[in-house]
Each structure stands twice: as structure tokens, then as C-alpha cells.
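Asker: I have a structure here, written as C-alpha cells, and I will follow up with some questions on it.
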Amino acid sequence: MSDPTAKNPYDRPSDPAKRHSAAMTDGPDRAPARAMLKAIGFGDEDLAKPIIGVATTWIETMPCNFNQRDLADAVKRGIRRAGGTPMEFGTVSVSDGVAMGTEGMKASLISREVIADSIELVTIGHSFDGLVCLTGCDKTSPGAAMALGRLNLPGLVLYNGTILPGSYKGRDVTVQSVFEAVGAYRAGKISAQELWELENAACPGAGACGGQFTANTMSMALEVLGLSPAGLNGIPAVDETKIAAAERAGEMAVQLVRDDVRPRSLVTPHALENAIRAVGATAGSTNAVLHLLAIAREFGLPLEIEAFERLGESTPVIGNLVPGGRYVALDLHRAGGIALVLRELAAGGLLHVEERTVDGRTIGEIAASAVEQPGQDVVFKIDAPLKKTGGLTVLRGSLAPDGAIVKLAGHDRRQHRGPARVFDSEEAAFAAISANKIVAGDVVVIRYEGPVGGPGMREMLAVTAALVGQGLGDSVALITDGRFSGATHGFMVAHIAPEAALGGAIALVHEGDEIEIDVDAHELRLHAPEAELATRRAAWKPPAPRYSGGVFAKYAALVSSASDGAITTGSRLADALGRRGAK
């Protein structure tokens, strides 16, 4: 018989910070779970502490996330030092730069949903009390933020940092330089040897794409939203202080759990406005529109595409950053970082300064703490900006009744009218460009590449960079229901909604039709007689799905419009559930 006087090993009070994990680890009924966790090295003391999930997006397909194994170890040291127990797990990532121009690029935006879904599943499945999400390449940061919004558990996102610029013929270069060099090579402007030399110089090590492309744009956005520790995201991937930053992030996560600071208390409508202004002020990626809309939906916050127009028009461009400007992300970090951008926005009365962040400070306090490098010209004064209005805005009109995004940074064009050159896939457009079949004045139309039609809304960097490389960047326009890379520049319109696959007006465009882009009027117009368009619409039939099964088909069946953030928890799912519930 058992000794009734013996001490019960399960008689210990639960740590109040174990708001979720106690259900997994505490008491005699949880002995089987504890036995399994003890099999991999967790002891009684470990399991008595709050458990913090450490999500990594490490993958051996790109430099963008390649330093995350070391960072994860550092985060875990910080968690342990602060009195928590870390449990590391992995999710996926798809390299935009590697997949660009291939079928694989369709997987990129879809991966954002998979990342959010998988973090949500593992966190709920293992009763974590909090989270640290390590992110890098483009879809990982918004995917992690979306998961935090769904779960509303204390946690934060740490970006693993930008890549350093490469050096070629005495100038800084990035992967964007290589994409544009492909166009120059096809046009006979550089040799194969020069292209190869640039290829070998452009990406010198670990870290995400070096300009104010999508990865760095979203890293900045998450700092401004309050989900990332101020100043830590901007430290480059290979900087010796990045490890200490990761340890600090781990410590901070434990404190967030103890204080029960939830993401939905930080990400507010005003925080979203701050993030939109920061994107506009730095001429950031058009993908920020898609991702901030998606984040807002997952946080249950109202945000419509019109906000990007309203805030973009009233936000000067003060960041002199690639692709529209001169400097890379490393230079912004050295100049004073995101805090410098926030300082100028605050000085212009363009920042909601009372919004709180994961490090306990307000965004106004972070702005006031900015330390400016003497003589820097990366961030301009708000009263003497590079451009008086932001880097992107919204168009509507006959071709985009539900909206489209035009990138304004890196050029001064406000209008273009020309004949349509129509392509039903990115590959067809790239082939025509490579064969020098596009001429000055053309409007390149790439359709059936939207969220449903692609599916996955491929980016068009291979196409846009080829046009720039051929010297056509200032004389042609491109419109698509797909997306652009953050590295894209030129007169480009994306996210056209409704998309072609759902019968949007872009599906009715014929070769040679006159198309007009009018930024001042905020319109994208198709100049064709109404009777002719009615005839075309009557004859139009939806294309057969490109995939009949698997993740691509599942995504195409669920994904909402680009104007709704292209999420799989949005309006199309709600409609389907509503119809099912009505039966």
C-alpha cells in the first residue's frame, strides 16, 4: 500500500503566469503528458514555469531566414533567464527571390496563410502561454502577426534582420540589381560574364532582401504596430549585436506573459494608421497594403483600402531608400533606424504618439529616443521631404471598381495612356519582353494571376525588372491582378479587383484597347464602347481551375479579394459557411 504520509509530488501551486500551459502540465491527471515531455529533457522545474513557444521559419532555401537557428537558441536563453521555459517549433517559408518567375511563386502568398495556421495550431495544440516568432522572408512577418491576432496570446515578432548589400564595380548592389541585369543582358546591354559576376556579388550572406522591399517594409510595420521590440528588428542579420537582441526578445516575452499584455491591446486602429504612414513615408512595398489589410482582419479591426489612399496622400516620402531611392536597409539602421522615421512623422503631427508597444514604451517615446547619425541623408526632415505625398495610392475606375494599388516611388509619372498588350500569364508576358516585343507607350496587362486565378497572386519582379533593364521603365506601364515585389519600381498598378478569374473588367481587355492610368483622378480606365464591353462580358466564361486538388485548389476555393487582404478566413469563407448554415 502507498504511504498516506508521503509528500505528494503534484502538490505545488501553479504559477499564475501558466494561464494556458497548466492545463497541459499540472496535476496527476497530466502525468502522461509530463512523461512524454520528460523524455526530451524537460524536468519538473521546467514544466512548473510558463511555457513560451518559439516559432522559427528557418529553411535551407534562401539567405533570408538562414540565421534563425542561432537566434532561436538566443531567444531560448533569454526566456530561461527570465524564468520561462521555451519550446521551439518550426513552420514554413517560401523564398520570393528564388521562386520568382516560376510556378513556385504561386506558393509564396499561400505560405502566409499556412504560417499563420501552423503557428495557431501548434500554440493551441500545446497550450503555450506566450510566443516569440522569428521571421525573415516576406510572408513570414505578416503570417506571424496574423497568428498573434487570432490567438491573442502575449507574444512578439522578432525579424532576423536584413542582408548586407553586395558590392559590384564600386557600388552597393542587391538582388534587385540582378533581376534588372537579366533584362539588360537580354537587351544586349551587358555580357553574360558581367551578369555572372553580379550574381556572385549581390547577396553576401544571411539576411532578408536589403532594400525597402517587402521584408524590411513589414519588419518596420510590425515595429510601428507595436508587435516587435523597437530597434531590434532593424539590426542586420550578421551584426554581432543581433544575438543579444534575440536574448532580449526572449526576456521580454516572459514579461509580457507575466503582465498578461495581449496583442489586441497593442494593435489598434490608430496603430494601423501609424504603420500605413510609416510605409508611405519610406516608399515601402505595395505588399504592405495586402498584409496590413490581412492583419487588421485577423485582429478584428476595421480597415479598408481607402485608408491607404487617404493616409498616403497626406504622408510625405522622407526615406531615401532603395528601390525608389539611394540607400539600403543597413544605411537606415546606421542613420538612426525606424525611430528616426517616427521622429519626423511625430514632428509633422502625423503619428498617434500614445500607442503602446511590446517593450512597454509608447510609439511617441520611441520617436523621442531617436539618435541621429550626424550628416546622414537617409531620412529627410518632414518639412523638406523627398516627395510631398506617399509612395503608393489607390486607383478605382472602370478597370478596378474594387480598387488597385499604384506605386509612385522612384518616378514622377502621374498619367499614362496607351495600347494594351494582353497576357494571360506571367510567363507569356516575360517571353514577350525577353523577345523585345514591348515598345515605349505600351500598357502591359497581366491577368489571371490574382488570388483565385493564379492561384496565389504571384509577384511580377522578373517582368518589371526586365522592363527596367531594357530601358523601358520610364516609357511603359504595367497593370495586373497579381502582385509586385517590394523591389519593383516604375509605373506599375497591381492588386486589381475584382480579378480576371472572378469576371473582373480586366478579363474583358483586348489587345490594342486604350488603357489610361490617371493618378490625380485616382482612376484606372478602359476606353472601349459600353456596347462592345457588354458583348465581351456575355461571351466571357470563367477559366477552368488551374489545380484540381491539394493546397492550391483549397486556397483558390477560400481566398478573398486582394481588396480584403487575400485571406482564407474572409468573405468567401463566410459566404460559404452562411450558405451551408442556411440549408
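In the C-alpha cells, chains take letters A, B, ... by order of appearance, with residues numbered from 1 within each chain and ligands from 1 in the order shown.
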As a ChimeraX atom specification, please: the residues near A:Leu256 (cut-off 9 Å, only C-alpha atoms, same-chain neighbours under 2 positions excluded).
Answerer: /A:130,154-156,251-254,258-262,358-359
Asker: Just the residues within 9 Å of A:Ala281, please, counting only C-alpha atoms, with nothing from its chain fewer than 3 positions along; format it as a list in words.
Answerer: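 Answer for this query is Ile276, Arg277, Ala278, Gly284, Gly312, Thr315, Pro316, Val317, Ile318, Gly319, Val341, Leu345, Thr389, Gly390 and Gly391 of chain A.
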Asker: Env of stretch 416-426 of chain A: 8 Å cut, atoms = only C-alpha atoms, seq-sep filter 3 positions within chain, self excluded. Answer as number ranges by chain.
Answerer: A: 101, 413, 429-430, 438, 441-449, 460, 463, 477, 509-518
Asker: Assign secondary structure with DSSP using the backbone only, and return the residues of stretch 318-439 of chain A in helix (DSSP H, G or I) as an MDAnalysis selection string.
Answerer: chainID A and resid 329:335 338:347 363:368 426:434
Asker: From the list A:Gln176, A:Thr91, A:Asn216, A:Thr56, which residue is nearest A:Val157 when using only C-alpha atoms?
Answerer: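 Distance minimum relative to A:Val157 lands on A:Thr56.
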Asker: I want to know what sits within 12 Å of stretch 548-557 of chain A, based on only C-alpha atoms, with residues of the same chain fewer than 6 positions away left out; could you give that as a PyMOL selection string?
Answerer: chain A and resi 103-114+449-457+501-502+566-573+575-576
Asker: Which neighbours of A:Ile305 fall inside 8 Å, counting only C-alpha atoms, when residues of the same chain fewer than 4 positions from it are skipped, and could you give them as a PyMOL selection string?
Answerer: chain A and resi 289+293+309+394+403+563-564
Asker: Could you pull out all residues of stretch 108-205 of chain A with a DSSP call of strand (DSSP E or B) and give them as a JSON list (two decimals) with C-alpha atoms, in the first residue's frame?
Answerer:
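states_24.json was written with the following content:
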```json
[["chain", "number", "residue", "atom", "x", "y", "z"],
["A", 130, "GLY", "CA", 3.15, 33.03, -24.94],
["A", 131, "LEU", "CA", 5.03, 33.23, -28.22],
["A", 132, "VAL", "CA", 8.16, 34.55, -29.87],
["A", 133, "CYS", "CA", 8.01, 34.33, -33.66],
["A", 134, "LEU", "CA", 11.26, 34.58, -35.63],
["A", 135, "THR", "CA", 10.64, 35.86, -39.14],
["A", 155, "GLY", "CA", 3.95, 37.46, -27.61],
["A", 156, "LEU", "CA", 6.08, 39.30, -30.12],
["A", 157, "VAL", "CA", 7.71, 39.01, -33.53],
["A", 158, "LEU", "CA", 11.47, 39.36, -34.00],
["A", 159, "TYR", "CA", 12.71, 39.89, -37.55],
["A", 162, "THR", "CA", 18.39, 42.47, -43.33],
["A", 166, "GLY", "CA", 26.83, 43.34, -52.02],
["A", 167, "SER", "CA", 29.49, 45.34, -53.81],
["A", 168, "TYR", "CA", 30.00, 45.32, -57.57],
["A", 171, "ARG", "CA", 28.61, 50.34, -55.87],
["A", 172, "ASP", "CA", 26.18, 48.70, -53.46],
["A", 173, "VAL", "CA", 24.00, 46.06, -55.10]]
```
Asker: Provide the atom CA of A:Ala246 to atom CA of A:Arg69 distance in Å, to one decimal place.
Answerer: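 One can read the atom CA of A:Ala246 to atom CA of A:Arg69 distance as 11.2 Å.
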